[in-house]
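Have a look at my_file15.pdb; it's PDB, C-alpha atoms:
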```
ATOM      1  CA  MET A 163     121.207 116.393  97.200
ATOM      2  CA  THR A 164     123.223 113.646  95.605
ATOM      3  CA  THR A 165     121.717 111.283  93.054
ATOM      4  CA  LYS A 166     119.569 108.634  94.694
ATOM      5  CA  ALA A 167     118.773 105.213  93.324
ATOM      6  CA  ILE A 168     115.114 104.413  92.669
ATOM      7  CA  LEU A 169     114.599 100.948  94.141
ATOM      8  CA  PRO A 170     111.715  99.029  92.540
ATOM      9  CA  PHE A 171     109.334  97.469  95.112
ATOM     10  CA  ILE A 172     111.235  99.280  97.912
ATOM     11  CA  GLY A 173     111.400 103.088  97.516
ATOM     12  CA  PHE A 174     114.545 105.243  97.704
ATOM     13  CA  GLY A 175     117.109 106.051 100.395
ATOM     14  CA  SER A 176     115.458 105.656 103.786
ATOM     15  CA  ILE A 177     111.937 105.985 102.309
ATOM     16  CA  LYS A 178     110.248 102.590 101.988
ATOM     17  CA  PHE A 179     106.824 101.450 100.852
ATOM     18  CA  GLY A 180     104.568 100.819 103.825
ATOM     19  CA  MET A 181     105.715 103.895 105.778
ATOM     20  CA  GLU A 182     103.150 106.269 107.236
ATOM     21  CA  GLU A 183     103.087 110.013 106.486
ATOM     22  CA  HIS A 184     104.710 111.011 109.779
ATOM     23  CA  GLU A 185     107.600 108.587 109.140
ATOM     24  CA  VAL A 186     108.245 110.102 105.702
ATOM     25  CA  SER A 187     108.070 113.645 107.099
ATOM     26  CA  SER A 188     110.504 112.813 109.891
ATOM     27  CA  ASN A 189     112.950 111.509 107.259
ATOM     28  CA  ILE A 190     112.744 114.224 104.580
ATOM     29  CA  GLY A 191     110.763 117.074 106.156
ATOM     30  CA  ASP A 192     107.316 118.500 105.710
ATOM     31  CA  PRO A 193     105.813 118.469 102.202
ATOM     32  CA  ASP A 194     105.259 121.650 100.198
ATOM     33  CA  GLU A 195     101.661 120.614  99.599
ATOM     34  CA  THR A 196      99.243 117.914 100.734
ATOM     35  CA  GLU A 197      96.233 116.815  98.681
ATOM     36  CA  VAL A 198      93.421 114.366  99.420
ATOM     37  CA  GLN A 199      92.171 112.459  96.381
ATOM     38  CA  ASN A 200      88.766 110.761  96.641
ATOM     39  CA  TYR A 201      88.228 107.738  94.414
ATOM     40  CA  GLY A 202      84.422 107.756  94.259
ATOM     41  CA  ASP A 203      84.211 104.174  95.542
ATOM     42  CA  GLY A 204      84.710 105.346  99.111
ATOM     43  CA  GLY A 205      88.478 105.031  98.962
ATOM     44  CA  SER A 206      90.924 107.894  99.073
ATOM     45  CA  ALA A 207      94.597 108.746  99.111
ATOM     46  CA  THR A 208      96.669 111.473 100.673
ATOM     47  CA  VAL A 209      99.377 112.761  98.336
ATOM     48  CA  LEU A 210     102.429 114.586  99.666
ATOM     49  CA  TYR A 211     104.227 116.878  97.188
ATOM     50  CA  TYR A 212     107.894 117.752  97.665
ATOM     51  CA  ASP A 213     108.420 120.316  94.914
ATOM     52  CA  ASP A 214     112.075 121.085  95.714
ATOM     53  CA  LEU A 215     112.927 117.382  95.653
ATOM     54  CA  GLY A 216     110.883 116.689  92.514
ATOM     55  CA  LEU A 217     108.767 113.907  93.967
ATOM     56  CA  SER A 218     105.342 113.049  95.304
ATOM     57  CA  MET A 219     104.122 110.159  97.428
ATOM     58  CA  SER A 220     100.661 108.596  97.792
ATOM     59  CA  PHE A 221      99.251 107.019 100.938
ATOM     60  CA  ASP A 222      96.157 104.911 100.208
ATOM     61  CA  SER A 223      93.198 104.477 102.588
ATOM     62  CA  GLU A 224      92.773 100.830 101.524
ATOM     63  CA  GLU A 225      96.259 100.138 102.888
ATOM     64  CA  GLY A 226      95.798 102.043 106.154
ATOM     65  CA  TYR A 227      97.298 105.209 104.635
ATOM     66  CA  ARG A 228     100.655 103.550 104.102
ATOM     67  CA  LEU A 229     102.985 104.638 101.284
ATOM     68  CA  VAL A 230     101.914 102.862  98.070
ATOM     69  CA  GLU A 231     103.250 105.014  95.204
ATOM     70  CA  ILE A 232     106.186 107.314  94.584
ATOM     71  CA  SER A 233     106.497 109.599  91.549
ATOM     72  CA  PHE A 234     109.925 110.971  90.648
ATOM     73  CA  GLU A 235     110.171 114.081  88.454
ATOM     74  CA  SER A 236     113.771 115.149  89.105
ATOM     75  CA  ASP A 237     116.981 113.935  87.475
ATOM     76  CA  ARG A 238     118.356 113.567  91.017
ATOM     77  CA  PHE A 239     116.689 110.145  90.992
ATOM     78  CA  ILE A 240     117.839 107.315  88.738
ATOM     79  CA  LEU A 241     116.320 103.906  87.964
ATOM     80  CA  HIS A 242     118.604 100.919  87.302
ATOM     81  CA  ASN A 243     121.542 103.344  87.119
ATOM     82  CA  ALA A 244     120.390 104.315  83.627
ATOM     83  CA  ILE A 245     116.909 105.897  83.494
ATOM     84  CA  LYS A 246     116.026 109.307  84.904
ATOM     85  CA  PRO A 247     113.590 112.165  84.367
ATOM     86  CA  GLY A 248     114.648 114.642  81.723
ATOM     87  CA  MET A 249     116.210 112.111  79.367
ATOM     88  CA  SER A 250     115.053 111.864  75.778
ATOM     89  CA  LYS A 251     112.857 109.028  74.587
ATOM     90  CA  GLU A 252     115.676 107.886  72.294
ATOM     91  CA  ASP A 253     118.142 107.668  75.215
ATOM     92  CA  PHE A 254     115.504 105.846  77.278
ATOM     93  CA  LEU A 255     114.891 103.255  74.552
ATOM     94  CA  GLU A 256     118.649 102.749  74.159
ATOM     95  CA  ALA A 257     119.035 102.225  77.924
ATOM     96  CA  LEU A 258     116.004  99.925  77.966
ATOM     97  CA  GLU A 259     117.647  97.607  75.416
ATOM     98  CA  LYS A 260     120.508  96.991  77.877
ATOM     99  CA  LEU A 261     118.270  96.393  80.909
ATOM    100  CA  ASP A 262     116.204  93.361  81.876
ATOM    101  CA  MET A 263     112.913  95.015  82.834
ATOM    102  CA  GLY A 264     110.739  92.410  81.164
ATOM    103  CA  GLU A 265     107.806  92.989  78.873
ATOM    104  CA  TYR A 266     106.032  96.322  78.788
ATOM    105  CA  GLU A 267     103.085  98.043  77.200
ATOM    106  CA  VAL A 268     103.021 101.495  75.654
ATOM    107  CA  GLU A 269      99.884 103.557  76.046
ATOM    108  CA  GLU A 270      99.454 106.757  74.076
ATOM    109  CA  ILE A 271      97.419 109.357  75.920
ATOM    110  CA  ASP A 272      95.187 111.377  73.630
ATOM    111  CA  GLU A 273      92.841 113.335  75.863
ATOM    112  CA  ASP A 274      92.178 117.058  76.017
ATOM    113  CA  GLY A 275      95.244 118.726  77.467
ATOM    114  CA  LEU A 276      97.283 115.519  77.439
ATOM    115  CA  GLU A 277      98.313 115.248  73.807
ATOM    116  CA  ASP A 278     101.845 114.029  73.029
ATOM    117  CA  MET A 279     101.970 111.892  76.183
ATOM    118  CA  GLU A 280     102.969 108.245  76.413
ATOM    119  CA  GLN A 281     103.137 105.827  79.304
ATOM    120  CA  TYR A 282     105.432 102.794  79.406
ATOM    121  CA  ILE A 283     103.919 100.219  81.772
ATOM    122  CA  PHE A 284     106.170  97.551  83.323
ATOM    123  CA  ASP A 285     103.764  95.284  85.226
ATOM    124  CA  LYS A 286     106.494  92.898  86.404
ATOM    125  CA  GLU A 287     108.281  95.666  88.348
ATOM    126  CA  ASN A 288     105.194  97.846  89.059
ATOM    127  CA  ILE A 289     106.797 100.780  87.222
ATOM    128  CA  ASN A 290     105.193 103.386  84.964
ATOM    129  CA  ILE A 291     107.349 105.756  82.950
ATOM    130  CA  TRP A 292     105.732 108.862  81.477
ATOM    131  CA  PHE A 293     106.841 110.856  78.448
ATOM    132  CA  GLU A 294     105.623 114.209  77.237
ATOM    133  CA  GLU A 295     106.727 115.551  73.856
ATOM    134  CA  GLY A 296     109.560 112.985  73.690
ATOM    135  CA  SER A 297     111.025 113.723  77.135
ATOM    136  CA  LEU A 298     110.812 111.495  80.203
ATOM    137  CA  THR A 299     108.808 113.465  82.791
ATOM    138  CA  THR A 300     107.935 110.983  85.542
ATOM    139  CA  ILE A 301     108.953 107.587  86.905
ATOM    140  CA  GLN A 302     106.264 106.038  89.129
ATOM    141  CA  ILE A 303     106.951 102.996  91.274
ATOM    142  CA  GLY A 304     104.841 100.916  93.629
ATOM    143  CA  PRO A 305     105.309  97.996  96.008
ATOM    144  CA  GLU A 306     105.361  94.351  94.987
ATOM    145  CA  PHE A 307     101.984  92.633  94.766
ATOM    146  CA  VAL A 308     101.849  88.934  95.639
ATOM    147  CA  ASP A 309      98.331  88.791  94.157
ATOM    148  CA  ASP A 310      95.645  91.356  93.313
ATOM    149  CA  ASP A 311      94.957  92.105  96.989
ATOM    150  CA  THR A 312      98.207  91.380  98.842
ATOM    151  CA  ILE A 313     101.276  93.608  99.008
ATOM    152  CA  ARG A 314     104.691  92.263  99.984
ATOM    153  CA  TRP A 315     105.994  95.217 101.986
ATOM    154  CA  PRO A 316     109.768  95.755 101.947
ATOM    155  CA  LYS A 317     111.791  95.185 105.089
ATOM    156  CA  ARG A 318     112.438  98.463 106.855
ATOM    157  CA  THR A 319     115.671  99.447 108.531
ATOM    158  CA  THR A 320     116.845 102.680 110.081
ATOM    159  CA  GLU A 321     119.784 102.897 107.713
ATOM    160  CA  ASP A 322     119.768 105.317 104.787
ATOM    161  CA  ASP A 323     120.795 103.567 101.562
ATOM    162  CA  GLU A 324     122.640 106.551 100.100
TER     163      GLU A 324
END
```

I need this file expressed as structure tokens, please.
Amino acid sequence: MTTKAILPFIGFGSIKFGMEEHEVSSNIGDPDETEVQNYGDGGSATVLYYDDLGLSMSFDSEEGYRLVEISFESDRFILHNAIKPGMSKEDFLEALEKLDMGEYEVEEIDEDGLEDMEQYIFDKENINIWFEEGSLTTIQIGPEFVDDDTIRWPKRTTEDDE
């Protein structure tokens, strides 16, 4: 697989936010694992794991089980042609200085089993970037929210943006 661009608010390649599970599977094949996560408030999500591709995708019940989050864990995916899993925190911060990603928050995770983890939260672009022990492990993206309840779904075409 060639390197694919991570497209904030959109997805990657032919995979776009708003797709249903069967549409994703017809584009990239069946997942290695499927998990149902229950939220406790009655909501749930189905998560598809593609281990060989280094990504997972969540389909939320509140949005009719449409694709609402993608997590990238492979260096085959790159954000803004500069940020990818596996890079050091120092290289990330250097790349971040050159990009216009807006303001962000840094949250240090200090729970049992999650020591040495940090999350960089970019609300403007709906991006979360996770670090563990100084290495970028995951880039999570979501669709664009017009307000707290309304998603602006990307336009979908049949073309693959490779």

> Which neighbours of range 253-265 of chain A fall inside 12 Å, counting all atoms listed in the file, when residues of the same chain fewer than 5 positions from it are skipped, and could you give them as a list of chain:residue names?
Replying inline: A:Pro170, A:Ile240, A:Leu241, A:His242, A:Asn243, A:Ala244, A:Ile245, A:Lys246, A:Pro247, A:Gly248, A:Tyr282, A:Ile283, A:Phe284, A:Asp285, A:Lys286, A:Glu287, A:Asn288, A:Ile289, A:Asn290, A:Ile291, A:Trp292, A:Phe293, A:Gly296, A:Ser297, A:Leu298, A:Thr299, A:Ile301

> Selected by the PyMOL selection byres ((chain A and resi 314) around 12) in the shown coordinates: which residues, as a PyMOL selection string?
Replying inline: chain A and resi 171-172+178-180+225+230+304-313+315-317

>> Selection in question (the file shown): the PyMOL selection byres ((chain A and resi 192) around 12). Which residues does it include, as an NGL selection string?
In response: :A and (183-191 or 193-196 or 210-215 or 218)

>> Quick check, in Å to one decimal: how far apart do CA of Gln281 in chain A and CA of Ala167 in chain A lie?
In response: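 Computing the Euclidean distance for CA of Gln281 in chain A and CA of Ala167 in chain A yields 21.0 Å.
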
>> As an exercise, work out the distance from CA of Val209 in chain A to CA of Glu231 in chain A in Å and give it to one decimal place.
In response: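 Between these atoms lies a distance of 9.2 Å.
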